[in-house]
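Peer 1: As input, take final-v9.pdb (PDB, C-alpha atoms):
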```pdb
ATOM      1  CA  MET A   1      81.227  69.931 110.123
ATOM      2  CA  PRO A   2      81.664  70.026 106.311
ATOM      3  CA  LYS A   3      85.116  70.867 105.187
ATOM      4  CA  LEU A   4      85.645  74.272 103.701
ATOM      5  CA  SER A   5      87.158  72.637 100.638
ATOM      6  CA  THR A   6      83.699  71.571  99.503
ATOM      7  CA  LEU A   7      83.097  75.136  98.414
ATOM      8  CA  SER A   8      83.790  75.470  94.710
ATOM      9  CA  LEU A   9      83.882  78.179  92.156
ATOM     10  CA  GLY A  10      82.747  78.426  88.595
ATOM     11  CA  ALA A  11      83.215  81.092  86.010
ATOM     12  CA  VAL A  12      81.492  84.385  86.694
ATOM     13  CA  SER A  13      80.272  86.685  83.961
ATOM     14  CA  PHE A  14      80.066  90.345  84.778
ATOM     15  CA  SER A  15      78.465  91.289  81.456
ATOM     16  CA  LEU A  16      74.943  91.341  82.902
ATOM     17  CA  ILE A  17      72.600  93.745  81.157
ATOM     18  CA  ALA A  18      70.038  94.800  83.718
ATOM     19  CA  SER A  19      69.202  97.490  86.179
ATOM     20  CA  ARG A  20      71.741  98.435  88.824
ATOM     21  CA  SER A  21      69.758  96.804  91.643
ATOM     22  CA  VAL A  22      69.336  93.552  89.714
ATOM     23  CA  ARG A  23      73.075  93.448  88.924
ATOM     24  CA  ALA A  24      73.945  93.860  92.604
ATOM     25  CA  MET A  25      71.530  91.134  93.723
ATOM     26  CA  THR A  26      72.727  88.755  91.014
ATOM     27  CA  LEU A  27      76.401  89.307  91.845
ATOM     28  CA  ALA A  28      75.759  88.540  95.519
ATOM     29  CA  LEU A  29      74.013  85.260  94.645
ATOM     30  CA  VAL A  30      76.766  84.243  92.233
ATOM     31  CA  CYS A  31      79.462  84.977  94.796
ATOM     32  CA  ALA A  32      77.752  82.784  97.375
ATOM     33  CA  SER A  33      78.281  79.706  95.186
ATOM     34  CA  THR A  34      81.461  80.762  93.420
ATOM     35  CA  LEU A  35      83.685  82.310  96.048
ATOM     36  CA  LEU A  36      86.828  80.323  96.333
ATOM     37  CA  THR A  37      88.779  79.861  93.165
ATOM     38  CA  ALA A  38      89.174  82.931  91.025
ATOM     39  CA  GLY A  39      87.155  85.770  89.593
ATOM     40  CA  CYS A  40      84.385  86.735  91.988
ATOM     41  CA  ALA A  41      84.735  90.172  93.571
ATOM     42  CA  SER A  42      88.489  89.866  93.517
ATOM     43  CA  LEU A  43      90.640  92.739  94.649
ATOM     44  CA  ALA A  44      93.815  94.122  93.171
ATOM     45  CA  PRO A  45      97.126  92.223  93.505
ATOM     46  CA  SER A  46      99.090  92.474  96.706
ATOM     47  CA  VAL A  47     101.821  95.059  96.420
ATOM     48  CA  PRO A  48     104.952  94.908  98.611
ATOM     49  CA  VAL A  49     106.095  98.332  99.773
ATOM     50  CA  THR A  50     109.285  99.496 101.430
ATOM     51  CA  PRO A  51     108.954 102.865 103.227
ATOM     52  CA  SER A  52     111.790 105.351 103.363
ATOM     53  CA  ASP A  53     112.638 104.290 106.925
ATOM     54  CA  GLY A  54     113.336 100.748 105.735
ATOM     55  CA  THR A  55     110.405  99.145 107.573
ATOM     56  CA  SER A  56     109.000  96.178 105.705
ATOM     57  CA  VAL A  57     105.354  96.545 104.673
ATOM     58  CA  GLU A  58     103.363  93.531 103.518
ATOM     59  CA  HIS A  59     100.086  93.879 101.659
ATOM     60  CA  TYR A  60      97.693  91.010 100.942
ATOM     61  CA  ARG A  61      94.388  91.292  99.128
ATOM     62  CA  GLY A  62      92.011  88.500  98.335
ATOM     63  CA  ARG A  63      88.976  86.533  99.473
ATOM     64  CA  PHE A  64      88.010  84.713 102.641
ATOM     65  CA  ALA A  65      85.401  82.188 103.722
ATOM     66  CA  VAL A  66      84.705  81.088 107.288
ATOM     67  CA  ARG A  67      82.673  78.170 108.644
ATOM     68  CA  TYR A  68      81.969  78.234 112.366
ATOM     69  CA  GLU A  69      79.405  77.346 115.011
ATOM     70  CA  GLN A  70      77.429  79.859 117.029
ATOM     71  CA  ASN A  71      74.974  78.807 119.731
ATOM     72  CA  GLY A  72      75.220  75.244 118.448
ATOM     73  CA  GLU A  73      74.298  76.177 114.866
ATOM     74  CA  ALA A  74      76.578  75.929 111.835
ATOM     75  CA  ARG A  75      77.177  79.285 110.173
ATOM     76  CA  ASN A  76      79.352  80.696 107.412
ATOM     77  CA  THR A  77      80.472  84.049 106.125
ATOM     78  CA  TYR A  78      82.562  85.136 103.172
ATOM     79  CA  GLY A  79      83.843  88.178 101.339
ATOM     80  CA  ASN A  80      87.057  90.043 100.566
ATOM     81  CA  PHE A  81      89.940  91.071 102.780
ATOM     82  CA  ASP A  82      92.657  93.713 102.669
ATOM     83  CA  TRP A  83      95.604  93.030 104.994
ATOM     84  CA  GLN A  84      98.392  95.543 105.610
ATOM     85  CA  GLN A  85     101.283  94.615 107.884
ATOM     86  CA  ASN A  86     103.734  97.407 108.744
ATOM     87  CA  GLY A  87     106.334  95.923 111.050
ATOM     88  CA  GLU A  88     104.423  94.897 114.198
ATOM     89  CA  ASN A  89     101.277  96.831 113.206
ATOM     90  CA  ALA A  90      98.508  94.977 111.363
ATOM     91  CA  THR A  91      95.315  96.360 109.833
ATOM     92  CA  VAL A  92      92.858  93.840 108.408
ATOM     93  CA  GLN A  93      89.718  95.008 106.631
ATOM     94  CA  LEU A  94      86.916  92.494 105.981
ATOM     95  CA  LEU A  95      84.407  93.360 103.258
ATOM     96  CA  ASP A  96      81.278  91.682 101.939
ATOM     97  CA  PRO A  97      81.169  90.497  98.281
ATOM     98  CA  LEU A  98      79.767  93.888  97.206
ATOM     99  CA  GLY A  99      82.649  95.787  98.796
ATOM    100  CA  GLN A 100      80.942  97.061 101.948
ATOM    101  CA  THR A 101      83.084  97.035 105.100
ATOM    102  CA  GLN A 102      82.091  94.359 107.615
ATOM    103  CA  ALA A 103      84.853  94.947 110.152
ATOM    104  CA  ILE A 104      88.319  96.448 110.569
ATOM    105  CA  VAL A 105      90.856  94.796 112.863
ATOM    106  CA  ARG A 106      93.854  96.729 114.169
ATOM    107  CA  GLU A 107      96.589  95.037 116.181
ATOM    108  CA  ASN A 108     100.020  96.009 117.486
ATOM    109  CA  PRO A 109     102.140  94.870 120.461
ATOM    110  CA  ARG A 110     100.443  97.406 122.750
ATOM    111  CA  SER A 111      96.773  97.191 121.791
ATOM    112  CA  ALA A 112      94.157  95.628 119.547
ATOM    113  CA  SER A 113      90.718  96.747 118.441
ATOM    114  CA  LEU A 114      87.784  95.765 116.266
ATOM    115  CA  GLU A 115      85.769  98.391 114.402
ATOM    116  CA  LEU A 116      82.255  97.677 113.146
ATOM    117  CA  PRO A 117      80.373 100.063 110.821
ATOM    118  CA  GLY A 118      78.757 102.897 112.742
ATOM    119  CA  LYS A 119      80.046 101.739 116.137
ATOM    120  CA  ALA A 120      82.842 102.753 118.474
ATOM    121  CA  PRO A 121      85.968 100.522 118.386
ATOM    122  CA  LEU A 122      85.811  97.436 120.592
ATOM    123  CA  THR A 123      88.851  96.557 122.676
ATOM    124  CA  GLY A 124      89.855  93.841 125.107
ATOM    125  CA  PRO A 125      92.811  91.921 126.524
ATOM    126  CA  ARG A 126      92.717  89.403 123.653
ATOM    127  CA  LEU A 127      91.826  90.310 120.085
ATOM    128  CA  GLU A 128      90.462  86.814 119.381
ATOM    129  CA  ASP A 129      87.990  87.155 122.271
ATOM    130  CA  VAL A 130      86.826  90.550 120.998
ATOM    131  CA  MET A 131      86.308  89.199 117.469
ATOM    132  CA  HIS A 132      84.517  86.085 118.696
ATOM    133  CA  ASN A 133      82.125  88.069 120.886
ATOM    134  CA  ALA A 134      81.303  90.556 118.109
ATOM    135  CA  LEU A 135      81.371  88.361 114.991
ATOM    136  CA  GLY A 136      80.908  84.822 116.246
ATOM    137  CA  PHE A 137      84.345  83.797 114.974
ATOM    138  CA  ALA A 138      87.922  85.004 115.314
ATOM    139  CA  LEU A 139      90.857  85.106 112.906
ATOM    140  CA  PRO A 140      94.319  84.347 114.330
ATOM    141  CA  VAL A 141      95.793  87.658 113.162
ATOM    142  CA  GLY A 142      98.934  87.351 115.300
ATOM    143  CA  GLY A 143      99.857  83.936 113.896
ATOM    144  CA  LEU A 144      98.678  84.572 110.345
ATOM    145  CA  ARG A 145     101.266  87.258 109.732
ATOM    146  CA  TYR A 146     103.898  84.504 110.015
ATOM    147  CA  TRP A 147     101.902  81.674 108.461
ATOM    148  CA  LEU A 148     101.346  83.733 105.317
ATOM    149  CA  ARG A 149     105.139  83.888 105.072
ATOM    150  CA  MET A 150     105.240  80.079 105.426
ATOM    151  CA  GLN A 151     106.877  80.402 108.853
ATOM    152  CA  SER A 152     105.913  79.420 112.380
ATOM    153  CA  ALA A 153     105.132  82.216 114.808
ATOM    154  CA  PRO A 154     107.665  82.804 117.593
ATOM    155  CA  GLY A 155     106.902  81.926 121.190
ATOM    156  CA  SER A 156     105.299  78.494 120.901
ATOM    157  CA  GLN A 157     105.972  75.020 119.561
ATOM    158  CA  ALA A 158     105.160  74.297 115.918
ATOM    159  CA  SER A 159     105.578  71.480 113.419
ATOM    160  CA  ILE A 160     106.000  71.920 109.670
ATOM    161  CA  GLU A 161     105.709  69.337 106.922
ATOM    162  CA  ARG A 162     107.244  69.938 103.492
ATOM    163  CA  ASP A 163     106.856  68.455 100.060
ATOM    164  CA  PRO A 164     109.865  66.121  99.643
ATOM    165  CA  GLN A 165     110.442  67.214  96.039
ATOM    166  CA  THR A 166     109.860  70.980  96.139
ATOM    167  CA  GLN A 167     110.513  71.579  99.874
ATOM    168  CA  ARG A 168     107.477  73.850  99.906
ATOM    169  CA  PRO A 169     105.513  73.771 103.180
ATOM    170  CA  THR A 170     102.381  71.624 102.958
ATOM    171  CA  HIS A 171     101.134  71.606 106.579
ATOM    172  CA  LEU A 172     101.892  73.626 109.684
ATOM    173  CA  LYS A 173     100.500  73.059 113.184
ATOM    174  CA  GLN A 174     100.732  75.660 115.931
ATOM    175  CA  ASP A 175      98.663  76.959 118.856
ATOM    176  CA  GLY A 176      95.849  74.507 118.129
ATOM    177  CA  TRP A 177      95.612  75.537 114.471
ATOM    178  CA  THR A 178      96.236  73.331 111.460
ATOM    179  CA  ILE A 179      97.388  75.301 108.417
ATOM    180  CA  ASP A 180      97.214  73.602 105.021
ATOM    181  CA  TYR A 181      99.100  75.275 102.174
ATOM    182  CA  GLN A 182      96.914  74.476  99.186
ATOM    183  CA  ALA A 183      98.456  76.516  96.350
ATOM    184  CA  TYR A 184     101.381  78.784  95.505
ATOM    185  CA  PHE A 185     101.999  81.441  92.878
ATOM    186  CA  ASP A 186     104.194  80.339  89.988
ATOM    187  CA  SER A 187     106.709  83.116  90.527
ATOM    188  CA  ALA A 188     109.758  84.036  92.551
ATOM    189  CA  PRO A 189     110.094  84.682  95.403
ATOM    190  CA  LEU A 190     107.815  81.911  96.658
ATOM    191  CA  ARG A 191     104.404  83.228  97.755
ATOM    192  CA  VAL A 192     101.379  81.352  99.015
ATOM    193  CA  LYS A 193      98.170  81.678  96.983
ATOM    194  CA  ARG A 194      95.681  79.723  99.106
ATOM    195  CA  ILE A 195      95.733  78.449 102.667
ATOM    196  CA  ASP A 196      93.128  76.618 104.746
ATOM    197  CA  LEU A 197      93.108  76.928 108.535
ATOM    198  CA  SER A 198      91.135  74.872 111.028
ATOM    199  CA  ARG A 199      90.840  74.332 114.747
ATOM    200  CA  ASP A 200      88.444  72.808 117.256
ATOM    201  CA  LEU A 201      88.280  74.793 120.481
ATOM    202  CA  ASP A 202      86.114  73.374 123.264
ATOM    203  CA  GLY A 203      84.015  71.464 120.739
ATOM    204  CA  SER A 204      83.417  74.514 118.513
ATOM    205  CA  PRO A 205      84.986  73.865 115.086
ATOM    206  CA  LEU A 206      86.235  76.729 112.966
ATOM    207  CA  ALA A 207      87.530  76.602 109.396
ATOM    208  CA  VAL A 208      88.973  79.515 107.417
ATOM    209  CA  ARG A 209      90.028  79.715 103.788
ATOM    210  CA  LEU A 210      92.114  82.579 102.408
ATOM    211  CA  VAL A 211      92.678  83.035  98.671
ATOM    212  CA  ILE A 212      95.251  85.691  97.810
ATOM    213  CA  ASP A 213      94.834  87.422  94.458
ATOM    214  CA  GLU A 214      97.893  87.771  92.273
TER     215      GLU A 214
END
```
Can you turn what I pasted into structure tokens?

Peer 2:
Amino acid sequence: MPKLSTLSLGAVSFSLIASRSVRAMTLALVCASTLLTAGCASLAPSVPVTPSDGTSVEHYRGRFAVRYEQNGEARNTYGNFDWQQNGENATVQLLDPLGQTQAIVRENPRSASLELPGKAPLTGPRLEDVMHNALGFALPVGGLRYWLRMQSAPGSQASIERDPQTQRPTHLKQDGWTIDYQAYFDSAPLRVKRIDLSRDLDGSPLAVRLVIDE
């Protein structure tokens, strides 16, 4: 399977003078070839929030691209994401490049669900199984909340490699996933800007790229 890193991004100009329908079609085509560096259909910066009760709220906004196999055929999907983590409760919204909702994932220690446009929420014992059955791929939401913090998730073995000069994490392996930290923001505190995730489960490869907008 081609690596996700082969996707590249050029500059995108939004100063197109045309009809509204032509602008929308053109933007979708440009995003398909220019998703994964900066500029295309980006969302607002992530904003950390601290509620009055002291609970930590994390907010990530950015872009995603997924390569996976379904029924033996290579497939890919891409778009924007909006991730809100309030303590143990996560809400992840996936949108297409034009801003239309593709799916909403909700997970907490007691339940998990997947919402598709115009359909009742889907539930099951394991969120990853529900996502895979509905979308053809599954994001490791439970682990990602820790991996985005550059930490291993509790409850299972993990290995972390760090840059010997900066001590920033470069690779993390856990629960069958390989997490590559590709870029960081040039600010304090340290925050990841881009991570690539991959796994091969029962001969079905899956690769995910997340780019977080500043």

Peer 1: Please expand the PyMOL selection byres ((chain A and resi 134) around 10) into the concrete residues it hits in this file, giving the result as a VMD selection string.

Peer 2: chain A and resid 103 114 to 116 122 128 to 133 135 to 138

Peer 1: In Å, rounded to a single decimal, give me how far atom CA of A:Val192 is from atom CA of A:Arg110.

Peer 2: 28.7 Å

Peer 1: Where's the centre, and what are the edge lengths in Å to one decimal, of a box along x, y and z enclosing all listed atoms of stretch 139-150 of chain A padded 4 Å per side, as AutoDock Vina command-line options?

Peer 2:
```
--center_x 98.0 --center_y 83.9 --center_z 110.2 --size_x 22.4 --size_y 15.6 --size_z 18.2
```

Peer 1: Quick check on the file I pasted: which residues fall under the PyMOL selection byres ((chain A and resi 179-181) around 12)? Write them as a tab-separated table (two decimals) with C-alpha atoms, keeping the file's coordinate frame.

Peer 2:
```
chain	number	residue	atom	x	y	z
A	4	LEU	CA	85.64	74.27	103.70
A	5	SER	CA	87.16	72.64	100.64
A	140	PRO	CA	94.32	84.35	114.33
A	143	GLY	CA	99.86	83.94	113.90
A	144	LEU	CA	98.68	84.57	110.34
A	146	TYR	CA	103.90	84.50	110.02
A	147	TRP	CA	101.90	81.67	108.46
A	148	LEU	CA	101.35	83.73	105.32
A	149	ARG	CA	105.14	83.89	105.07
A	150	MET	CA	105.24	80.08	105.43
A	151	GLN	CA	106.88	80.40	108.85
A	152	SER	CA	105.91	79.42	112.38
A	158	ALA	CA	105.16	74.30	115.92
A	159	SER	CA	105.58	71.48	113.42
A	160	ILE	CA	106.00	71.92	109.67
A	161	GLU	CA	105.71	69.34	106.92
A	162	ARG	CA	107.24	69.94	103.49
A	163	ASP	CA	106.86	68.46	100.06
A	168	ARG	CA	107.48	73.85	99.91
A	169	PRO	CA	105.51	73.77	103.18
A	170	THR	CA	102.38	71.62	102.96
A	171	HIS	CA	101.13	71.61	106.58
A	172	LEU	CA	101.89	73.63	109.68
A	173	LYS	CA	100.50	73.06	113.18
A	174	GLN	CA	100.73	75.66	115.93
A	175	ASP	CA	98.66	76.96	118.86
A	176	GLY	CA	95.85	74.51	118.13
A	177	TRP	CA	95.61	75.54	114.47
A	178	THR	CA	96.24	73.33	111.46
A	182	GLN	CA	96.91	74.48	99.19
A	183	ALA	CA	98.46	76.52	96.35
A	184	TYR	CA	101.38	78.78	95.50
A	185	PHE	CA	102.00	81.44	92.88
A	191	ARG	CA	104.40	83.23	97.76
A	192	VAL	CA	101.38	81.35	99.02
A	193	LYS	CA	98.17	81.68	96.98
A	194	ARG	CA	95.68	79.72	99.11
A	195	ILE	CA	95.73	78.45	102.67
A	196	ASP	CA	93.13	76.62	104.75
A	197	LEU	CA	93.11	76.93	108.54
A	198	SER	CA	91.14	74.87	111.03
A	199	ARG	CA	90.84	74.33	114.75
A	207	ALA	CA	87.53	76.60	109.40
A	208	VAL	CA	88.97	79.52	107.42
A	209	ARG	CA	90.03	79.72	103.79
A	210	LEU	CA	92.11	82.58	102.41
A	211	VAL	CA	92.68	83.04	98.67
A	212	ILE	CA	95.25	85.69	97.81
```

Peer 1: Mind checking which residues fall within 12 Å of A:Gln102, counting all atoms listed in the file, ignoring those fewer than 6 positions away in the same chain, and posting them as a list in words?

Peer 2: Thr77, Tyr78, Gly79, Asn80, Phe81, Asp82, Val92, Gln93, Leu94, Leu95, Asp96, Leu114, Glu115, Leu116, Pro117, Gly118, Lys119, Met131, Ala134 and Leu135 of chain A

Peer 1: Calculate how many Å separate atom CA of A:Ala188 from atom CA of A:Ala65, rounding to one decimal.

Peer 2: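 Taking atom CA of A:Ala188 as the start and atom CA of A:Ala65 as the end point, the length is 26.9 Å.
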
Peer 1: For the file shown, what are the residues hit by the PyMOL selection byres ((chain A and resi 68) around 9), laid out as a list of chain:residue names?

Peer 2: A:Met1, A:Val66, A:Arg67, A:Glu69, A:Gln70, A:Glu73, A:Ala74, A:Arg75, A:Asn76, A:Thr77, A:Gly136, A:Phe137, A:Ser204, A:Pro205, A:Leu206, A:Ala207, A:Val208

Peer 1: For C-alpha atoms, I'd like the residues from the last selection saved as a tab-separated table (two decimals), keeping the file's coordinate frame.

Peer 2:
```tsv
chain	number	residue	atom	x	y	z
A	1	MET	CA	81.23	69.93	110.12
A	66	VAL	CA	84.70	81.09	107.29
A	67	ARG	CA	82.67	78.17	108.64
A	69	GLU	CA	79.40	77.35	115.01
A	70	GLN	CA	77.43	79.86	117.03
A	73	GLU	CA	74.30	76.18	114.87
A	74	ALA	CA	76.58	75.93	111.84
A	75	ARG	CA	77.18	79.28	110.17
A	76	ASN	CA	79.35	80.70	107.41
A	77	THR	CA	80.47	84.05	106.12
A	136	GLY	CA	80.91	84.82	116.25
A	137	PHE	CA	84.34	83.80	114.97
A	204	SER	CA	83.42	74.51	118.51
A	205	PRO	CA	84.99	73.86	115.09
A	206	LEU	CA	86.24	76.73	112.97
A	207	ALA	CA	87.53	76.60	109.40
A	208	VAL	CA	88.97	79.52	107.42
```
